[in-house]
Each structure stands twice: as C-alpha cells, then as structure tokens.
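Q: My structure file start.txt, compact mmCIF, C-alpha atoms and all ligand atoms, is below:
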# COMPACT_ATOMS: atom_id res chain seq x y z
CA MET A 176 44.97 31.30 68.34
CA ASP A 177 46.31 34.11 70.47
CA SER A 178 49.93 33.11 69.94
CA ILE A 179 49.43 32.95 66.18
CA LEU A 180 47.98 36.44 66.25
CA ASN A 181 50.83 37.64 68.45
CA GLN A 182 53.34 36.25 66.00
CA LEU A 183 51.52 37.98 63.20
CA HIS A 184 51.61 41.20 65.18
CA GLU A 185 55.34 40.90 65.65
CA GLY A 186 55.86 40.47 61.92
CA ASN A 187 57.02 43.33 59.82
CA ASN A 188 53.65 43.87 58.31
CA PRO A 189 50.85 42.79 60.65
CA GLU A 190 48.14 44.38 58.49
CA GLN A 191 49.17 42.31 55.50
CA ALA A 192 49.29 39.15 57.58
CA PHE A 193 45.81 39.87 58.90
CA LEU A 194 44.52 40.58 55.45
CA LEU A 195 46.00 37.30 54.29
CA LEU A 196 44.36 35.49 57.20
CA ALA A 197 41.02 37.14 56.47
CA VAL A 198 41.20 36.27 52.78
CA LEU A 199 42.17 32.68 53.60
CA ALA A 200 39.28 32.39 56.05
CA LEU A 201 36.91 33.79 53.44
CA ILE A 202 38.19 31.38 50.80
CA ILE A 203 37.74 28.43 53.17
CA LEU A 204 34.27 29.65 54.11
CA ILE A 205 33.23 30.05 50.49
CA GLY A 206 34.75 26.66 49.71
CA VAL A 207 32.77 24.98 52.45
CA ALA A 208 29.62 26.78 51.40
CA LEU A 209 30.12 25.74 47.78
CA PHE A 210 30.84 22.19 48.84
CA ILE A 211 27.64 21.99 50.84
CA ALA A 212 25.74 23.59 48.00
CA LEU A 213 27.14 21.00 45.60
CA ILE A 214 26.02 18.20 47.85
CA GLN A 215 22.67 19.80 48.14
CA ILE A 216 22.29 19.90 44.41
CA GLY A 217 22.60 16.18 44.75
CA GLY A 218 25.50 15.14 42.59
CA LEU A 219 28.01 14.41 45.28
CA TYR A 220 25.37 13.05 47.59
CA ASN A 221 24.30 10.50 45.02
CA ILE A 222 27.87 9.50 44.36
CA LEU A 223 28.39 9.00 48.08
CA GLN A 224 25.23 6.94 48.32
CA GLN A 225 26.19 4.67 45.45
CA ARG A 226 29.51 4.00 47.09
CA ASN A 227 28.03 1.49 49.59
CA GLY A 228 30.30 -1.36 50.42
CA GLY A 229 33.56 0.60 50.46
CA ASP A 230 36.20 0.32 53.15
CA THR A 231 35.04 0.62 56.73
CA TRP A 232 36.63 4.03 57.34
CA GLN A 233 35.12 5.30 54.12
CA LEU A 234 31.74 4.09 55.28
CA ALA A 235 32.26 5.70 58.65
CA VAL A 236 33.19 9.01 57.06
CA LYS A 237 30.22 8.73 54.78
CA ARG A 238 27.85 8.01 57.63
CA TRP A 239 29.28 10.89 59.63
CA TRP A 240 28.88 13.21 56.71
CA THR A 241 25.40 11.96 55.88
CA ASN A 242 24.35 12.62 59.46
CA ILE A 243 25.65 16.19 59.31
CA TYR A 244 24.07 16.67 55.95
CA ASP A 245 20.70 15.31 57.04
CA ALA A 246 20.71 17.47 60.14
CA GLN A 247 21.47 20.52 58.03
CA VAL A 248 18.96 19.87 55.32
CA GLY A 249 16.30 18.33 57.56
CA LEU A 250 14.57 16.59 54.68
CA LYS A 251 11.88 14.00 55.41
CA PRO A 252 11.02 10.98 53.33
CA LEU A 253 8.11 11.58 51.01
CA GLU A 254 5.76 9.49 53.20
CA THR A 255 6.25 11.71 56.24
CA GLU A 256 6.36 14.95 54.27
CA GLN A 257 3.04 15.90 55.87
CA GLU A 258 4.94 16.73 59.07
CA LEU A 259 6.67 19.59 57.28
CA LEU A 260 3.49 21.04 55.85
CA LEU A 261 2.68 24.54 57.07
CA ALA A 262 -0.82 25.27 58.28
CA HIS A 263 -1.86 27.64 55.51
CA ASP A 264 -3.41 26.67 52.22
CA TYR A 265 -3.92 29.23 49.46
CA ASP A 266 -6.39 27.84 47.01
CA GLY A 267 -4.67 24.49 47.13
CA ILE A 268 -1.16 25.89 47.20
CA THR A 269 0.62 24.66 50.31
CA GLU A 270 4.10 25.17 51.64
CA LEU A 271 6.67 22.87 53.22
CA ASP A 272 8.62 24.19 56.19
CA ASN A 273 11.99 23.28 54.68
CA HIS A 274 15.35 24.33 56.11
CA LEU A 275 17.22 27.21 54.60
CA PRO A 276 20.05 26.15 52.28
CA PRO A 277 22.95 25.01 54.51
CA TRP A 278 25.54 27.20 52.75
CA TRP A 279 23.38 30.23 53.39
CA LYS A 280 22.67 29.32 57.00
CA ASN A 281 26.33 28.52 57.75
CA LEU A 282 27.43 31.79 56.25
CA PHE A 283 24.94 33.51 58.53
CA TYR A 284 26.31 31.67 61.59
CA ALA A 285 29.81 32.62 60.50
CA THR A 286 28.87 36.30 60.45
CA ILE A 287 27.44 36.00 63.97
CA PHE A 288 30.66 34.34 65.12
CA PHE A 289 32.71 37.02 63.39
CA GLY A 290 30.60 39.76 64.97
CA LEU A 291 31.02 38.27 68.44
CA VAL A 292 34.78 37.93 68.09
CA TYR A 293 34.96 41.45 66.70
CA MET A 294 32.91 42.97 69.50
CA VAL A 295 34.77 41.16 72.28
CA MET A 296 38.27 41.75 70.89
CA TYR A 297 37.84 45.33 69.70
CA HIS A 298 35.21 46.85 71.95
CA ILE A 299 35.09 44.88 75.21
CA THR A 300 38.61 43.66 76.01
CA GLY A 301 40.33 46.07 73.62
CA SER A 302 42.92 43.38 72.84
CA TRP A 303 42.88 44.37 69.21
CA GLN A 304 43.16 47.99 68.20
CA LEU A 305 40.60 49.92 66.23
CA GLN A 306 41.79 51.85 63.20
CA LEU A 307 42.57 55.12 64.89
CA ALA A 308 44.40 53.53 67.83
CA GLU A 309 46.32 51.32 65.42
CA TYR A 310 47.27 54.35 63.37
CA GLU A 311 48.47 56.19 66.45
CA THR A 312 50.48 53.19 67.62
CA GLU A 313 52.13 53.02 64.22
CA LEU A 314 52.94 56.70 64.36
CA SER A 315 54.57 56.40 67.76
CA VAL A 316 56.47 53.28 66.72
CA ALA A 317 57.67 55.11 63.64
CA ALA A 318 58.69 58.10 65.75
CA THR A 319 60.72 55.89 68.06
CA GLU A 320 62.34 54.12 65.13
CA LYS A 321 63.13 57.44 63.51
CA ALA A 322 64.70 58.77 66.71
CA GLU A 323 66.80 55.61 67.02
CA TRP A 324 67.81 55.80 63.39
CA GLU A 325 68.81 59.43 63.79
CA LYS A 326 70.97 58.49 66.76
CA THR A 327 72.85 55.94 64.70
CA GLN A 328 73.19 58.49 61.93
CA THR A 329 74.65 61.00 64.36
CA ASN A 330 77.17 58.59 65.78
CA SER A 331 78.40 57.54 62.38
CA ILE A 332 79.35 61.12 61.46
CA ASN A 333 83.04 61.79 61.96
CA GLU A 334 85.85 63.70 60.25
CA THR A 335 85.99 61.15 57.43
CA SER A 336 82.25 60.95 56.78
CA ALA A 337 81.08 64.49 57.54
CA LYS A 338 79.29 66.18 54.66
CA PHE A 339 79.18 69.84 53.70
CA LEU A 340 75.42 70.34 53.88
CA THR A 341 73.80 73.38 52.37
CA ASP A 342 70.13 72.78 53.12
CA ALA A 343 68.39 75.61 54.98
CA SER A 344 67.58 73.59 58.08
CA THR A 345 71.19 72.46 58.61
CA ILE A 346 72.55 75.97 58.00
CA ASN A 347 69.96 77.33 60.40
CA ASP A 348 70.88 74.76 63.07
CA GLY A 349 74.54 75.58 62.49
CA LYS A 350 73.89 79.27 62.87
CA GLY A 351 72.15 78.65 66.21
CA ILE A 352 75.07 76.55 67.44
CA TYR A 353 77.57 79.15 66.24
CA THR A 354 75.72 82.00 67.95
CA ALA A 355 75.55 80.11 71.22
CA ASN A 356 79.17 78.87 71.32
CA CYS A 357 81.53 80.54 68.94
CA VAL A 358 80.72 84.25 68.83
CA ALA A 359 82.94 85.12 71.81
CA CYS A 360 86.13 84.19 69.97
CA HIS A 361 85.24 84.31 66.27
CA GLY A 362 82.91 87.33 66.29
CA PRO A 363 79.16 87.55 65.60
CA ALA A 364 79.67 87.42 61.81
CA ALA A 365 82.69 85.08 62.08
CA GLY A 366 85.03 87.91 61.07
CA GLY A 367 87.41 86.85 63.82
CA GLY A 368 88.49 88.03 67.29
CA VAL A 369 90.55 85.90 69.60
CA GLY A 370 90.12 83.23 66.96
CA PRO A 371 90.73 83.64 63.24
CA ASN A 372 88.43 85.06 60.59
CA LEU A 373 86.34 82.11 59.36
CA THR A 374 84.90 83.91 56.33
CA ASP A 375 88.07 84.48 54.32
CA SER A 376 89.90 82.01 52.13
CA TYR A 377 92.89 81.67 54.45
CA TRP A 378 92.89 78.62 56.67
CA ILE A 379 95.32 77.37 59.29
CA HIS A 380 93.84 73.87 59.55
CA GLY A 381 92.22 73.35 56.16
CA ASN A 382 88.83 74.22 54.73
CA ALA A 383 87.53 70.83 53.66
CA ILE A 384 84.44 69.91 55.69
CA GLY A 385 86.43 67.04 57.23
CA ASP A 386 89.21 69.46 58.32
CA VAL A 387 86.79 71.97 59.80
CA PHE A 388 84.90 69.15 61.51
CA LYS A 389 88.16 67.89 62.98
CA THR A 390 89.25 71.34 64.19
CA ILE A 391 85.92 71.91 65.90
CA LYS A 392 85.71 68.37 67.32
CA TYR A 393 89.22 68.12 68.79
CA GLY A 394 90.05 71.84 69.07
CA VAL A 395 93.61 73.09 68.74
CA ALA A 396 95.49 72.30 71.91
CA GLY A 397 97.60 75.21 73.20
CA LYS A 398 96.20 77.67 70.63
CA GLY A 399 92.99 78.61 72.37
CA MET A 400 90.53 76.70 70.17
CA THR A 401 88.28 74.60 72.37
CA ALA A 402 87.53 70.94 71.69
CA TRP A 403 83.79 70.67 71.22
CA GLN A 404 83.28 66.93 71.11
CA ALA A 405 82.10 66.81 74.72
CA THR A 406 79.60 69.63 74.20
CA LEU A 407 78.30 69.15 70.68
CA ASN A 408 77.21 65.87 69.13
CA PRO A 409 78.65 64.90 65.72
CA LYS A 410 75.53 66.04 63.89
CA GLN A 411 75.77 69.45 65.54
CA ILE A 412 79.46 69.73 64.70
CA GLN A 413 78.65 68.88 61.08
CA ALA A 414 75.94 71.57 61.08
CA VAL A 415 78.15 74.31 62.56
CA ALA A 416 81.03 73.32 60.26
CA SER A 417 78.68 73.56 57.25
CA TYR A 418 77.47 76.92 58.50
CA VAL A 419 81.03 78.22 58.87
CA LEU A 420 81.88 77.05 55.33
CA SER A 421 78.72 78.67 53.99
CA LEU A 422 80.00 82.03 55.26
CA ASN A 423 83.03 81.95 52.99
CA GLY A 424 83.42 85.23 51.13
CA SER A 425 80.77 87.02 53.21
CA ASN A 426 83.37 89.70 54.05
CA PRO A 427 82.02 91.06 57.36
CA ALA A 428 83.02 94.51 58.63
CA ASN A 429 86.11 94.73 60.86
CA ALA A 430 87.30 91.31 59.79
CA LYS A 431 90.57 90.07 61.18
CA GLU A 432 93.65 89.92 58.94
CA PRO A 433 94.18 86.62 57.10
CA GLN A 434 95.87 83.76 58.97
CA GLY A 435 97.14 80.56 57.43
CA LYS A 436 97.33 79.54 53.80
CA LEU A 437 95.22 80.75 50.91
CA LEU A 438 93.09 77.80 49.83
CA ALA A 439 90.70 77.13 46.98
CA ASN A 440 87.22 77.77 48.32
CA THR A 441 85.28 75.83 45.78
CA THR A 442 82.35 73.69 46.87
CA GLN A 443 84.38 70.68 45.76
CA ALA A 444 87.22 71.64 48.11
CA LYS A 445 84.79 72.15 50.96
CA GLN A 446 83.20 68.75 50.42
CA ALA A 447 86.47 66.84 50.84
CA THR A 448 87.05 64.77 53.96
CA ALA A 449 89.85 65.49 56.42
CA ALA A 450 93.42 65.09 55.21
CA LYS A 451 94.92 62.12 57.03
C1 LIG A 501 87.82 80.30 73.39
C2 LIG A 501 87.84 80.87 72.07
C3 LIG A 501 87.24 80.07 70.94
C4 LIG A 501 86.02 79.58 70.86
C5 LIG A 501 84.87 79.64 71.87
C6 LIG A 501 85.91 78.96 69.56
N1 LIG A 501 87.08 79.07 68.89
FE1 LIG A 501 87.49 78.38 67.04
N2 LIG A 501 89.40 79.02 67.20
C7 LIG A 501 89.90 79.73 68.26
C8 LIG A 501 91.29 80.00 68.02
C9 LIG A 501 92.21 80.77 68.93
C10 LIG A 501 91.60 79.40 66.79
C11 LIG A 501 92.95 79.38 66.07
C12 LIG A 501 93.68 78.09 66.41
C13 LIG A 501 95.07 78.07 65.81
O1 LIG A 501 95.70 79.12 65.78
O2 LIG A 501 95.47 76.97 65.41
C14 LIG A 501 90.37 78.81 66.31
C15 LIG A 501 90.28 78.12 65.13
C16 LIG A 501 89.09 77.69 64.59
C17 LIG A 501 88.96 77.11 63.29
C18 LIG A 501 90.08 76.86 62.32
C19 LIG A 501 90.33 78.08 61.48
C20 LIG A 501 91.44 77.89 60.46
O3 LIG A 501 91.89 78.92 59.96
O4 LIG A 501 91.79 76.75 60.19
C21 LIG A 501 87.65 76.83 63.12
C22 LIG A 501 86.99 76.21 61.90
C23 LIG A 501 86.96 77.22 64.33
N3 LIG A 501 87.86 77.72 65.20
C24 LIG A 501 85.63 77.08 64.52
C25 LIG A 501 85.01 77.32 65.74
C26 LIG A 501 83.63 77.02 65.99
C27 LIG A 501 82.64 76.46 65.01
C28 LIG A 501 83.40 77.36 67.29
C29 LIG A 501 82.12 77.19 68.06
C30 LIG A 501 81.60 75.86 68.15
C31 LIG A 501 84.62 77.86 67.82
N4 LIG A 501 85.59 77.81 66.85
C32 LIG A 501 84.78 78.34 69.09
C33 LIG A 501 89.22 80.12 69.37
C34 LIG A 501 87.92 79.76 69.71
Could you render the structure from this file as structure tokens?
A:
Amino acid sequence: MDSILNQLHEGNNPEQAFLLLAVLALIILIGVALFIALIQIGGLYNILQQRNGGDTWQLAVKRWWTNIYDAQVGLKPLETEQELLLAHDYDGITELDNHLPPWWKNLFYATIFFGLVYMVMYHITGSWQLQLAEYETELSVAATEKAEWEKTQTNSINETSAKFLTDASTINDGKGIYTANCVACHGPAAGGGVGPNLTDSYWIHGNAIGDVFKTIKYGVAGKGMTAWQATLNPKQIQAVASYVLSLNGSNPANAKEPQGKLLANTTQAKQATAAK
C-alpha cells in the first residue's frame, strides 16, 4: 500500500492520481453495496439457491457467499422468528430486531475505516500532508524548479542567442549592473570616458545585441575593455547589453567624440546576433 502511494506521489500529478484512487474506491464500494442490496432484494439469492448441483467449486463459492450473506442479514427461519421479537407491543403491533441493510452497514464500516486511516495518516503520524502543508510543499518545489530552470536559461544565453530585451525589469537590472561596473570608463550616462561613448550611433565592434554581448563578455584585449564573463553571468551580460542599447540617442552632456563606424540604430539592427 505504502509503495503504491509513494509511486503515486512521485508521479507528475499526485493529486490527480489520488483523486482517481478515491473515485475508484468509491465506485468499488458503491458496486459492492449495490451487489449486496441486489442479493437482499432476493433475485440473485434465489438464482444462487436454484443452482444446486453445480460444480463443486461453484457450490463452495455459493456456500461461502451464503454464509457471509446470512451473517450479514441475520435472518431466522419463520419458526424461530420469535427470537427476534422485541419486548414491546403497541396495541398488537410488534417489531422484529432485524439487522440493518448490509449495504448501509458496510458503508458505515467503510467510513469508520476511512476516518481511522485519515486520522492516523494526516494527524498522528503526519505521513500524508494536510492541504496547507501540501500547498506549501508545492510552492517550494515550484520555486526550486523555477530556480533550476532559470539557471539553464542563463547558461544557454550566449552571443548567438542573446536577445535585445526592452522590458522594464531587464533594463533596470542592466542599469544596476552598468552603474556598478562600467561607469568608471564609460561615464555615468554612458557618454564615454576612457571607453567610447555608448549612446551615439558610432560603434567600433558593432551594435547588434550579439556584438555588444560579445564585446562585454570577452572584452577587447589590449584596448582597455575588460572581459566580463568571469564577473557577470550571461543573463546579466544580456541585461547590461540591452541597457546600453536602450541608451542609444540619449545624447548625454559632455559626450565623447564618435569612434568607429556609423551604424543603423534601428531596433531590428539591435536585435541581430553577433556577426560571425
Ligand atoms: C577599464 C575600463 C572599462 C570598463 C570598466 C568597461 N569598459 Fe567598455 N570599453 C572600454 C574601452 C577602452 C573600450 C574601447 C575598446 C576598443 O577600442 O576596441 C570599450 C568598449 C566597449 C564597448 C564597445 C563599444 C563600441 O563602440 O563598439 C561596449 C559595448 C562596452 N565597452 C561596454 C561596457 C560595459 C557594459 C561595461 C560594464 C560591464 C564596460 N564596458 C566596462 C573600457 C572599459
């Protein structure tokens, strides 16, 4: 039982599996109850009784079933019915102490069994989680999965797959990275200093996102531009590159004179990957 439940838990959708199990159990329970009720009505019971003289195993099954049935129903032959009679007598109306219908009684036992299992598993041993705990587990699992997914996303970003992102959160991240690492050489508004002006339309190494990504990642050896791949992760490089490209045309005060070639600064040009 436990291993089945463990397997279900390991499945992609344990809630659905549990629901399925619960529905199946309910269907079986209702089936059994209906079956017993049918027998009680008498039809099946009579058929079974008329089948005397069948094969031995059939007889054995029948006897086994009849025993169960008799125990459940607790009927007495008419002659000994007096034994079932209750003590009271209302103006000649008497009552037999008959058993409750088996389907009803069995359903009742099933609820007791269910309640016991529920209490032990959820409240005593805590093996199964209550709703809130289950919800919190799911949240933490999802958070871990998300973090892992984000890691793979980060590692797959390179100069050929980098995207020029314009959403506020990326630009904001990029701005933070720029302020912390790049201001010394490119100026607070990227107008240039030791390094070139990054806001004009003149570029030494290209202005496609892939080119900018590449320049930032590998640096420019011997020209004073640091390689950032050891300091910034690919996602951060993509963010700062997007930020730099978003500054195009911002025309800050005291900007450095143009360096490099005049390039088209359309969004389309910026979105291109690095030239091979
Ligand atoms: C130590 C100084 C220095 C720092 C710090 C620095 N850069 Fe540079 N950067 C330069 C220099 C110098 C160049 C010009 C290289 C050349 O002449 O080829 C340059 C070039 C660039 C270019 C290419 C410009 C073009 O015209 O093609 C980009 C883009 C760039 N840097 C972005 C950054 C970013 C983003 C940061 C921060 C993460 C940064 N740089 C930090 C000095 C620096």
Q: Between A:Val236, A:Ile384, A:Leu291, A:Ala200, which one has atoms that come closest to ligand LIG 501 (chain A), using only C-alpha atoms and all ligand atoms?
A: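 Among the listed residues, the smallest separation from ligand LIG 501 (chain A) belongs to A:Ile384.
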Q: What does the list of residues within 9 Å of ligand LIG 501 (chain A) look like if you count only C-alpha atoms and all ligand atoms, written as a PyMOL selection string?
A: chain A and resi 349+352-361+365+367-373+375-382+386-392+394-403+406-407+412+415-416+418-420+433-436
Q: Given the selection you just returned, output its residues as a file containing C-alpha atoms, formatted as a PDB file, in the frame of the given file.
A:
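As written to disk, out.pdb reads:
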ATOM      1  CA  GLY A 349      74.540  75.580  62.490  1.00  0.00           C
ATOM      2  CA  ILE A 352      75.070  76.550  67.440  1.00  0.00           C
ATOM      3  CA  TYR A 353      77.570  79.150  66.240  1.00  0.00           C
ATOM      4  CA  THR A 354      75.720  82.000  67.950  1.00  0.00           C
ATOM      5  CA  ALA A 355      75.550  80.110  71.220  1.00  0.00           C
ATOM      6  CA  ASN A 356      79.170  78.870  71.320  1.00  0.00           C
ATOM      7  CA  CYS A 357      81.530  80.540  68.940  1.00  0.00           C
ATOM      8  CA  VAL A 358      80.720  84.250  68.830  1.00  0.00           C
ATOM      9  CA  ALA A 359      82.940  85.120  71.810  1.00  0.00           C
ATOM     10  CA  CYS A 360      86.130  84.190  69.970  1.00  0.00           C
ATOM     11  CA  HIS A 361      85.240  84.310  66.270  1.00  0.00           C
ATOM     12  CA  ALA A 365      82.690  85.080  62.080  1.00  0.00           C
ATOM     13  CA  GLY A 367      87.410  86.850  63.820  1.00  0.00           C
ATOM     14  CA  GLY A 368      88.490  88.030  67.290  1.00  0.00           C
ATOM     15  CA  VAL A 369      90.550  85.900  69.600  1.00  0.00           C
ATOM     16  CA  GLY A 370      90.120  83.230  66.960  1.00  0.00           C
ATOM     17  CA  PRO A 371      90.730  83.640  63.240  1.00  0.00           C
ATOM     18  CA  ASN A 372      88.430  85.060  60.590  1.00  0.00           C
ATOM     19  CA  LEU A 373      86.340  82.110  59.360  1.00  0.00           C
ATOM     20  CA  ASP A 375      88.070  84.480  54.320  1.00  0.00           C
ATOM     21  CA  SER A 376      89.900  82.010  52.130  1.00  0.00           C
ATOM     22  CA  TYR A 377      92.890  81.670  54.450  1.00  0.00           C
ATOM     23  CA  TRP A 378      92.890  78.620  56.670  1.00  0.00           C
ATOM     24  CA  ILE A 379      95.320  77.370  59.290  1.00  0.00           C
ATOM     25  CA  HIS A 380      93.840  73.870  59.550  1.00  0.00           C
ATOM     26  CA  GLY A 381      92.220  73.350  56.160  1.00  0.00           C
ATOM     27  CA  ASN A 382      88.830  74.220  54.730  1.00  0.00           C
ATOM     28  CA  ASP A 386      89.210  69.460  58.320  1.00  0.00           C
ATOM     29  CA  VAL A 387      86.790  71.970  59.800  1.00  0.00           C
ATOM     30  CA  PHE A 388      84.900  69.150  61.510  1.00  0.00           C
ATOM     31  CA  LYS A 389      88.160  67.890  62.980  1.00  0.00           C
ATOM     32  CA  THR A 390      89.250  71.340  64.190  1.00  0.00           C
ATOM     33  CA  ILE A 391      85.920  71.910  65.900  1.00  0.00           C
ATOM     34  CA  LYS A 392      85.710  68.370  67.320  1.00  0.00           C
ATOM     35  CA  GLY A 394      90.050  71.840  69.070  1.00  0.00           C
ATOM     36  CA  VAL A 395      93.610  73.090  68.740  1.00  0.00           C
ATOM     37  CA  ALA A 396      95.490  72.300  71.910  1.00  0.00           C
ATOM     38  CA  GLY A 397      97.600  75.210  73.200  1.00  0.00           C
ATOM     39  CA  LYS A 398      96.200  77.670  70.630  1.00  0.00           C
ATOM     40  CA  GLY A 399      92.990  78.610  72.370  1.00  0.00           C
ATOM     41  CA  MET A 400      90.530  76.700  70.170  1.00  0.00           C
ATOM     42  CA  THR A 401      88.280  74.600  72.370  1.00  0.00           C
ATOM     43  CA  ALA A 402      87.530  70.940  71.690  1.00  0.00           C
ATOM     44  CA  TRP A 403      83.790  70.670  71.220  1.00  0.00           C
ATOM     45  CA  THR A 406      79.600  69.630  74.200  1.00  0.00           C
ATOM     46  CA  LEU A 407      78.300  69.150  70.680  1.00  0.00           C
ATOM     47  CA  ILE A 412      79.460  69.730  64.700  1.00  0.00           C
ATOM     48  CA  VAL A 415      78.150  74.310  62.560  1.00  0.00           C
ATOM     49  CA  ALA A 416      81.030  73.320  60.260  1.00  0.00           C
ATOM     50  CA  TYR A 418      77.470  76.920  58.500  1.00  0.00           C
ATOM     51  CA  VAL A 419      81.030  78.220  58.870  1.00  0.00           C
ATOM     52  CA  LEU A 420      81.880  77.050  55.330  1.00  0.00           C
ATOM     53  CA  PRO A 433      94.180  86.620  57.100  1.00  0.00           C
ATOM     54  CA  GLN A 434      95.870  83.760  58.970  1.00  0.00           C
ATOM     55  CA  GLY A 435      97.140  80.560  57.430  1.00  0.00           C
ATOM     56  CA  LYS A 436      97.330  79.540  53.800  1.00  0.00           C
TER      57      LYS A 436
END
Q: Quick one: distance from atom CA of A:Glu313 to atom CA of A:Leu201 in Å, one decimal?
A: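 Between atom CA of A:Glu313 and atom CA of A:Leu201 the gap is 26.8 Å.
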Q: Suppose you want the space between atom CA of A:Gly366 and atom CA of A:Pro427; what is it in Å?
A: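 Computed distance, atom CA of A:Gly366 to atom CA of A:Pro427, equals 5.7 Å.
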Q: Grab the atom CA of A:Asn423 to atom CA of A:Ala383 distance for me, in Å with one decimal place.
A: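 Going from atom CA of A:Asn423 over to atom CA of A:Ala383 covers 12.0 Å.
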Q: Need the shell around A:Gly206: protein/DNA/RNA residues with any atom at most 12 Å away, counting only C-alpha atoms. Skip same-chain ones fewer than 6 positions apart. Format as JSON, numbers by chain?
A: {"A": [198, 199, 200, 212, 213, 278, 281, 282]}
Q: List the neighbours of A:Phe339 out to 7 Å using all atoms listed in the file; skip same-chain residues closer than 4 positions along the sequence, and give me the result as a list of chain:residue names.
A: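 Residues meeting the cut-off are A:Ile384, A:Ser417, A:Lys445, A:Gln446.
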Q: May I have the residues within 8 Å of A:Lys410 as a PyMOL selection string, using all atoms listed in the file and disregarding those fewer than 3 positions away in the same chain?
A: chain A and resi 329-330+332+407+413-414
Q: Determine, counting all atoms listed in the file, every residue of protein, DNA or RNA that lies within 8 Å of (85.5, 60.6, 59.1) in the file coordinates, then give the result as a list in words.
A: Ile332, Asn333, Glu334, Thr335, Ser336, Ala337, Gly385, Thr448 and Ala449 of chain A
Q: May I have the residues from that selection written out with C-alpha atoms, as a PDB file, in the frame of the given file?
A:
ATOM      1  CA  ILE A 332      79.350  61.120  61.460  1.00  0.00           C
ATOM      2  CA  ASN A 333      83.040  61.790  61.960  1.00  0.00           C
ATOM      3  CA  GLU A 334      85.850  63.700  60.250  1.00  0.00           C
ATOM      4  CA  THR A 335      85.990  61.150  57.430  1.00  0.00           C
ATOM      5  CA  SER A 336      82.250  60.950  56.780  1.00  0.00           C
ATOM      6  CA  ALA A 337      81.080  64.490  57.540  1.00  0.00           C
ATOM      7  CA  GLY A 385      86.430  67.040  57.230  1.00  0.00           C
ATOM      8  CA  THR A 448      87.050  64.770  53.960  1.00  0.00           C
ATOM      9  CA  ALA A 449      89.850  65.490  56.420  1.00  0.00           C
TER      10      ALA A 449
END
